[in-house]
Each structure stands twice: as C-alpha cells, then as structure tokens.
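Student: The structure's right below; bear with me while I get my questions together.
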Amino acid sequence: MTEPVVAIEGLRKSYGSVLAVRGVDLDVTKGEVFGLLGPNGAGKTTILECLEGLRRADAGRLRVASCDPQAEEGHLRRHLGVQLQSGTLPGGLKVKEALGLVCAWHGIEQRPDLYDRLGLRELLHRRFAQLSAGERRRVELALALVHDPEVIALDEPTAGLDVESRARLHAEVRSLSAAGVTVLLATHDMAEAEKLCDRIAIVIGGRIAFCGTPDAVTAAGSSETRIRLRTRLGRLPAADVGLARFLRVKGDYREWTCTDAAAAVTDILRVVQVEHDVVEDLRVELPTLEERFLELVKEAERA
C-alpha cells in the first residue's frame, strides 16, 4: 500500500492538568481532503498544531510528507503550507509586501498566478489593517500556497468569508486535491465538510469519535431517513405505510420516517399503485452530517 502522506499514531497532548488529545490515530492519503470536525475545545486545533510543528506532542508518532514535524522543521516548511485559525501579520504591512516576504523566505519568485486564483489583485496595495476578515483569510491562504506545498493545513479557512469568497476557496481546495495536494481541513461548517471532504474525523473530548466518508458518518447514526412524496391525486392515507412511519402533511407532500429506506419506499409505492395514483415527486432525505455530529456529541456527554 502507498505510505500515507500524513500519519498520526497515539498522539497525546496535555496543557497542565487538561488532557487535550487522548491517543489519536489517523492516516491521510495523497490528494485527500480530510476534515476534522468537533465542538470548541475538542482538540482539532491542537492536532493540527502538532502536525505543523507549533506544539510539542507529549507522546505519539507523527509523519507529514515523510518527515517528523517535531524534529525536521526545515523539511516540514518546504512541504507543508499552513493557514492558521488567526493570523498575526502587522497591520501596516501591505498585501504585496507580505506575499513578497514569504516568497523570499522560501527562495522563490513572486506568484502573480495566485492573485487571480484567489482574487487578490485589488488588495495588493492595501495594508492588513484595512482588510475585512474575509479578505484577510484569502491573503492568508495565498501565503500558505506560495511554495506549492505537498500538504496544506487549513484551520477554519472560510470564517468570515462572504458567499463569493467561500465559493472561490472551495474551488481552490478541489483544484489542490485534483493536483495531488493533501488538504487537512478543520471546520465548524458541516455543509462545507460534507461538500468538500473525502473523509471526516469527528473529534470529541480529544478522541476520534468516528472516522469515515461523510456518507459513512451519517449512515452510522440512529437518526432516521425521511421520505417525502407528492402524488397527482393525493390519495395516500396520512398514516403509517408498512415500515414507513407517518410524520406529517406539509403542503401537497406527505412525509414519513424510516430506518430501512428501500423497504419503506417499496411499501409506499405499492399503496400508490393500489390507489391508482401517480407519483409526481419522491424524495429520500438521509440524515445530515450535522444531525449525526450532534448525536455523537450527546452520546459523549452522557458517557
């Protein structure tokens, strides 16, 4: 098998008496968009900061692009790009100066191609103190990408972004993944994670509560699938139908919930046929990632 681009084995990290990360194991492959989700204080940022060499792990083995981020800082900086949760660039620094400074630090030419990719041309001569929160996030992303890293870590990258900037960043993440760049994404935005990530790890209390594809995460919960149906004549009873438990009538639709969608839909369609009605719209809505996330958080609180 191909060696993971990012590998974590038994990571532990404490802050005084607080155990922030409790034995985390993860593997991330080349070109994968891997999401870290969790409530505030769950350990997401600590995991990223250990991988970035910004925090010293108390225990465990870490590998990023074939190096130890705790011991090989020079190699790590050549192969890892980082967008921190909050930047600390001086307010008087101009955007073009910041980009030039980081390019010089990496020993490379300036990257005007990034200006267009991330919509920065109109910002180049503005100072950081004059930028909106969303504009700062776009510039910080450019700073993380100037040296074409093999791995990029994004900590809440769309915080404060407007709709257009968010769409631009999502397109950039997809482009990076298609080019073979591995993306680590910590986010509170469930829709963003569901849309962008190949796999997701849900971090709760410093541990991985669940790891898998977005579909696998939602399918593993106890939340029920919802079936919505509109028929031409509206003859279906507002009642349970086989394995489909009746929920409500909403406008022209009847809604049911179920745990076995295939069997429940079959039961409903059989009644449609018996009633000599015609299906005009049938929707099967799986539980959302947010519903599964909240379910896991509640389970952890009860434990």
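Residue numbering restarts at 1 for every chain of the structure tokens, chains are lettered A, B, ... in their displayed order, and ligands are numbered from 1 as they appear.
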Check the DSSP output for the backbone and give back, as a PyMOL selection string, the residues of stretch 166-269 of chain A in strand (DSSP E).
Tutor: chain A and resi 182-186+199-204+207-212+225-231+245-250+253-258
Student: So which residues touch A:Val279 within 7 Å, counting only C-alpha atoms, skipping near sequence neighbours fewer than 6 positions away, as an MDAnalysis selection string?
Tutor: chainID A and resid 230:232
Student: Produce a file of the selected residues containing C-alpha atoms, as an mmCIF file, in the first residue's frame.
Tutor:
data_model
loop_
_atom_site.group_PDB
_atom_site.id
_atom_site.type_symbol
_atom_site.label_atom_id
_atom_site.label_comp_id
_atom_site.auth_asym_id
_atom_site.auth_seq_id
_atom_site.Cartn_x
_atom_site.Cartn_y
_atom_site.Cartn_z
ATOM 1 C CA ARG A 230 -46.343 14.177 -3.743
ATOM 2 C CA THR A 231 -48.843 12.334 -5.919
ATOM 3 C CA ARG A 232 -51.121 13.610 -8.639
#
Student: What are the closest atom pairs, with distances in Å to one decimal, for each residue of stretch 119-202 of chain A lying within 7 Å of stretch 26-33 of chain A, using only C-alpha atoms, rows by chain and rising residue number, as CSV?
Tutor:
residue,atom,partner,partner_atom,distance
A:Ser177,CA,A:Gly31,CA,4.6
A:Ala178,CA,A:Gly31,CA,6.6
A:Gly180,CA,A:Gly31,CA,4.0
A:Val181,CA,A:Gly31,CA,4.7
A:Thr182,CA,A:Gly31,CA,4.3
A:Val183,CA,A:Val33,CA,4.7
A:Leu184,CA,A:Val33,CA,6.1
A:Leu196,CA,A:Val33,CA,6.9
A:Cys197,CA,A:Val33,CA,4.9
A:Asp198,CA,A:Val33,CA,5.4
A:Arg199,CA,A:Val33,CA,6.9
Student: Would you pick out the contacts of A:Leu154 at 7 Å or less, using only C-alpha atoms, so that residues sharing its chain but fewer than 6 positions from it are not included, and give the list as a list in words?
Tutor: Val82, Gln83, Leu84, Leu184, Leu185 and Ala186 of chain A
Student: For atom CA of A:Gly16 and atom CA of A:Gly35, determine how far apart the two atoms are, in Å to one decimal place.
Tutor: 27.5 Å
Student: Have a look at A:Ala20, A:Ala104, A:Ala193, A:Leu229 and name the one nearest to A:Val173; count only C-alpha atoms.
Tutor: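 Of all the options, A:Ala193 lies closest to A:Val173.
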Student: Between A:Arg270, A:Arg63, A:Thr88, A:Leu36, which residue has the minimum interatomic distance to A:Asp155, considering only C-alpha atoms?
Tutor: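 Closest residue, counting only C-alpha atoms: A:Leu36.
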Student: Atom CA of A:Ala263 and atom CA of A:Asp281, how far apart in Å?
Tutor: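 Rounded to one decimal, the two atoms are 18.0 Å apart.
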Student: Just the helix (DSSP H, G or I) stuff from stretch 13-140 of chain A, please, per backbone DSSP, written as an MDAnalysis selection string.
Tutor: chainID A and resid 44:51 73:79 95:106 112:117 121:123 128:130 133:140
Student: Write out as CSV the residues of stretch 7-94 of chain A that have any atom within 12 Å of an atom of stretch 282-291 of chain A, one row each with the nearest atom pair and its distance in Å to one decimal, counting only C-alpha atoms, sorted by chain and then rising number.
Tutor:
residue,atom,partner,partner_atom,distance
A:Leu37,CA,A:Glu290,CA,10.2
A:Gly38,CA,A:Glu290,CA,10.7
A:Pro39,CA,A:Glu290,CA,11.6
Student: Taking N, CA and C atoms for each residue, export the selection above as a CSV table (one decimal), in the first residue's frame.
Tutor:
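Saved result, result-v2.csv, follows:
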chain,number,residue,atom,x,y,z
A,37,LEU,N,-13.7,17.6,12.4
A,37,LEU,CA,-14.8,18.3,13.0
A,37,LEU,C,-14.9,18.1,14.5
A,38,GLY,N,-15.5,19.0,15.2
A,38,GLY,CA,-15.6,18.8,16.6
A,38,GLY,C,-16.1,20.1,17.3
A,39,PRO,N,-16.6,20.0,18.5
A,39,PRO,CA,-17.0,21.2,19.2
A,39,PRO,C,-15.8,22.0,19.6
